[in-house]
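**Q** Sending over entry_27.txt (compact mmCIF, N, CA and C atoms).
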```txt
# COMPACT_ATOMS: atom_id res chain seq x y z
N MET A 1 31.09 -54.64 22.31
CA MET A 1 31.33 -55.74 21.39
C MET A 1 32.83 -55.99 21.24
N ASP A 2 33.58 -54.96 20.90
CA ASP A 2 35.01 -55.16 20.66
C ASP A 2 35.85 -54.11 21.41
N GLY A 3 35.25 -53.41 22.35
CA GLY A 3 35.97 -52.37 23.08
C GLY A 3 35.97 -51.04 22.36
N LYS A 4 35.49 -51.01 21.13
CA LYS A 4 35.43 -49.77 20.34
C LYS A 4 34.00 -49.38 20.03
N ILE A 5 33.13 -50.37 19.83
CA ILE A 5 31.73 -50.13 19.52
C ILE A 5 30.89 -50.92 20.51
N GLY A 6 29.88 -50.28 21.06
CA GLY A 6 28.97 -50.95 21.98
C GLY A 6 27.53 -50.68 21.59
N PHE A 7 26.65 -51.55 22.04
CA PHE A 7 25.22 -51.41 21.78
C PHE A 7 24.48 -51.54 23.10
N THR A 8 23.44 -50.78 23.26
CA THR A 8 22.58 -50.91 24.43
C THR A 8 21.14 -50.62 24.01
N GLY A 9 20.23 -51.11 24.80
CA GLY A 9 18.82 -50.93 24.49
C GLY A 9 18.16 -52.27 24.29
N GLY A 10 16.96 -52.25 23.78
CA GLY A 10 16.22 -53.47 23.56
C GLY A 10 16.21 -53.85 22.09
N VAL A 11 15.86 -55.08 21.86
CA VAL A 11 15.73 -55.56 20.49
C VAL A 11 14.40 -56.30 20.42
N GLY A 12 13.35 -55.56 20.06
CA GLY A 12 12.02 -56.16 20.00
C GLY A 12 11.85 -57.00 18.76
N ILE A 13 11.56 -58.28 18.95
CA ILE A 13 11.39 -59.16 17.79
C ILE A 13 10.02 -59.81 17.74
N ALA A 14 9.14 -59.49 18.70
CA ALA A 14 7.78 -60.05 18.70
C ALA A 14 6.87 -59.20 17.80
N ASP A 15 5.70 -59.73 17.48
CA ASP A 15 4.75 -59.01 16.63
C ASP A 15 4.36 -57.65 17.20
N GLU A 16 4.37 -57.50 18.52
CA GLU A 16 4.01 -56.22 19.14
C GLU A 16 4.92 -55.08 18.71
N TRP A 17 6.12 -55.39 18.27
CA TRP A 17 7.11 -54.37 17.90
C TRP A 17 6.98 -53.93 16.45
N THR A 18 6.06 -54.48 15.69
CA THR A 18 5.99 -54.17 14.27
C THR A 18 5.25 -52.88 13.96
N GLY A 19 4.58 -52.27 14.94
CA GLY A 19 3.85 -51.02 14.70
C GLY A 19 4.74 -49.80 14.90
N HIS A 20 4.12 -48.65 14.93
CA HIS A 20 4.83 -47.38 15.12
C HIS A 20 4.39 -46.68 16.39
N ALA A 21 3.92 -47.46 17.37
CA ALA A 21 3.49 -46.96 18.68
C ALA A 21 2.31 -46.00 18.57
N GLN A 22 1.46 -46.16 17.56
CA GLN A 22 0.28 -45.32 17.41
C GLN A 22 -0.80 -45.69 18.41
N SER A 23 -0.75 -46.90 18.94
CA SER A 23 -1.78 -47.35 19.87
C SER A 23 -1.12 -48.16 20.99
N PRO A 24 -1.82 -48.39 22.10
CA PRO A 24 -1.24 -49.17 23.20
C PRO A 24 -0.84 -50.59 22.81
N SER A 25 -1.41 -51.12 21.73
CA SER A 25 -1.04 -52.47 21.31
C SER A 25 0.26 -52.49 20.50
N HIS A 26 0.76 -51.33 20.12
CA HIS A 26 2.06 -51.25 19.43
C HIS A 26 3.10 -50.74 20.42
N TRP A 27 4.19 -51.41 20.52
CA TRP A 27 5.25 -51.03 21.45
C TRP A 27 6.33 -50.27 20.71
N ARG A 28 7.15 -49.54 21.47
CA ARG A 28 8.28 -48.83 20.88
C ARG A 28 9.51 -49.14 21.70
N ASP A 29 10.64 -49.28 21.05
CA ASP A 29 11.89 -49.58 21.73
C ASP A 29 13.00 -48.78 21.08
N THR A 30 14.06 -48.57 21.82
CA THR A 30 15.21 -47.83 21.31
C THR A 30 16.46 -48.68 21.48
N HIS A 31 17.26 -48.76 20.46
CA HIS A 31 18.53 -49.47 20.48
C HIS A 31 19.58 -48.47 20.00
N VAL A 32 20.71 -48.38 20.70
CA VAL A 32 21.68 -47.33 20.42
C VAL A 32 23.07 -47.94 20.19
N ARG A 33 23.76 -47.43 19.17
CA ARG A 33 25.16 -47.79 18.92
C ARG A 33 26.02 -46.70 19.53
N LEU A 34 27.02 -47.09 20.33
CA LEU A 34 27.90 -46.15 21.00
C LEU A 34 29.34 -46.36 20.55
N MET A 35 30.08 -45.25 20.50
CA MET A 35 31.49 -45.31 20.14
C MET A 35 32.25 -44.34 21.06
N GLY A 36 33.52 -44.62 21.31
CA GLY A 36 34.34 -43.73 22.11
C GLY A 36 34.51 -44.22 23.54
N PRO A 37 34.93 -43.34 24.45
CA PRO A 37 35.23 -43.73 25.84
C PRO A 37 34.06 -44.35 26.60
N ILE A 38 32.84 -44.03 26.21
CA ILE A 38 31.68 -44.59 26.90
C ILE A 38 31.60 -46.10 26.76
N VAL A 39 32.24 -46.67 25.74
CA VAL A 39 32.20 -48.11 25.53
C VAL A 39 32.88 -48.85 26.68
N ALA A 40 33.99 -48.34 27.20
CA ALA A 40 34.67 -48.97 28.33
C ALA A 40 33.77 -48.97 29.56
N ALA A 41 33.06 -47.88 29.79
CA ALA A 41 32.14 -47.81 30.93
C ALA A 41 31.00 -48.80 30.75
N LEU A 42 30.52 -48.93 29.54
CA LEU A 42 29.44 -49.87 29.25
C LEU A 42 29.92 -51.31 29.49
N GLN A 43 31.13 -51.62 29.06
CA GLN A 43 31.66 -52.96 29.26
C GLN A 43 31.85 -53.28 30.75
N SER A 44 32.27 -52.29 31.53
CA SER A 44 32.53 -52.55 32.95
C SER A 44 31.22 -52.74 33.73
N ALA A 45 30.13 -52.23 33.17
CA ALA A 45 28.83 -52.40 33.85
C ALA A 45 28.37 -53.80 33.65
```
Can you give me the file's structure in the form of structure tokens?
**A**
Amino acid sequence: MDGKIGFTGGVGIADEWTGHAQSPSHWRDTHVRLMGPIVAALQSA
């Protein structure tokens, strides 16, 4: 985002993402906030 903080992963906004992955009809996603030297590598990708 600004060279200091980066985000990666998915951002589920459909109804399928509203569950807790208890069943196949509920999906699960992970979104991660990163800080430090890894942000430069993320930006270069």
**Q** Can you list, as a PyMOL selection string, every protein, DNA or RNA residue that comes within 7 Å of A:Val11 when you count all atoms listed in the file, leaving out same-chain residues fewer than 4 positions away?
**A** chain A and resi 29-31
**Q** Mind giving me the straight-line distance from atom CA of A:Gly9 to atom CA of A:Ser44 in Å, one decimal?
**A** 16.2 Å
**Q** Could you find all residues in chain A that DSSP calls alpha helix (DSSP H) from the backbone, and write them as a list in words?
**A** Ile38, Val39, Ala40, Ala41, Leu42, Gln43 and Ser44 of chain A
**Q** Using only N, CA and C atoms, which residues sit within 6 Å of A:Gly6 once same-chain residues fewer than 5 positions away are excluded, as a list of chain:residue names?
**A**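 In the requested format, the answer is A:Met1, A:Val32, A:Arg33, A:Leu34, A:Met35, A:Val39.
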**Q** With distances taken over only C-alpha atoms, which residue among A:Lys4, A:His20, A:Ile13, A:Ser25 lies nearest A:Pro37?
**A**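 For A:Pro37, the nearest of the candidates is A:Lys4.
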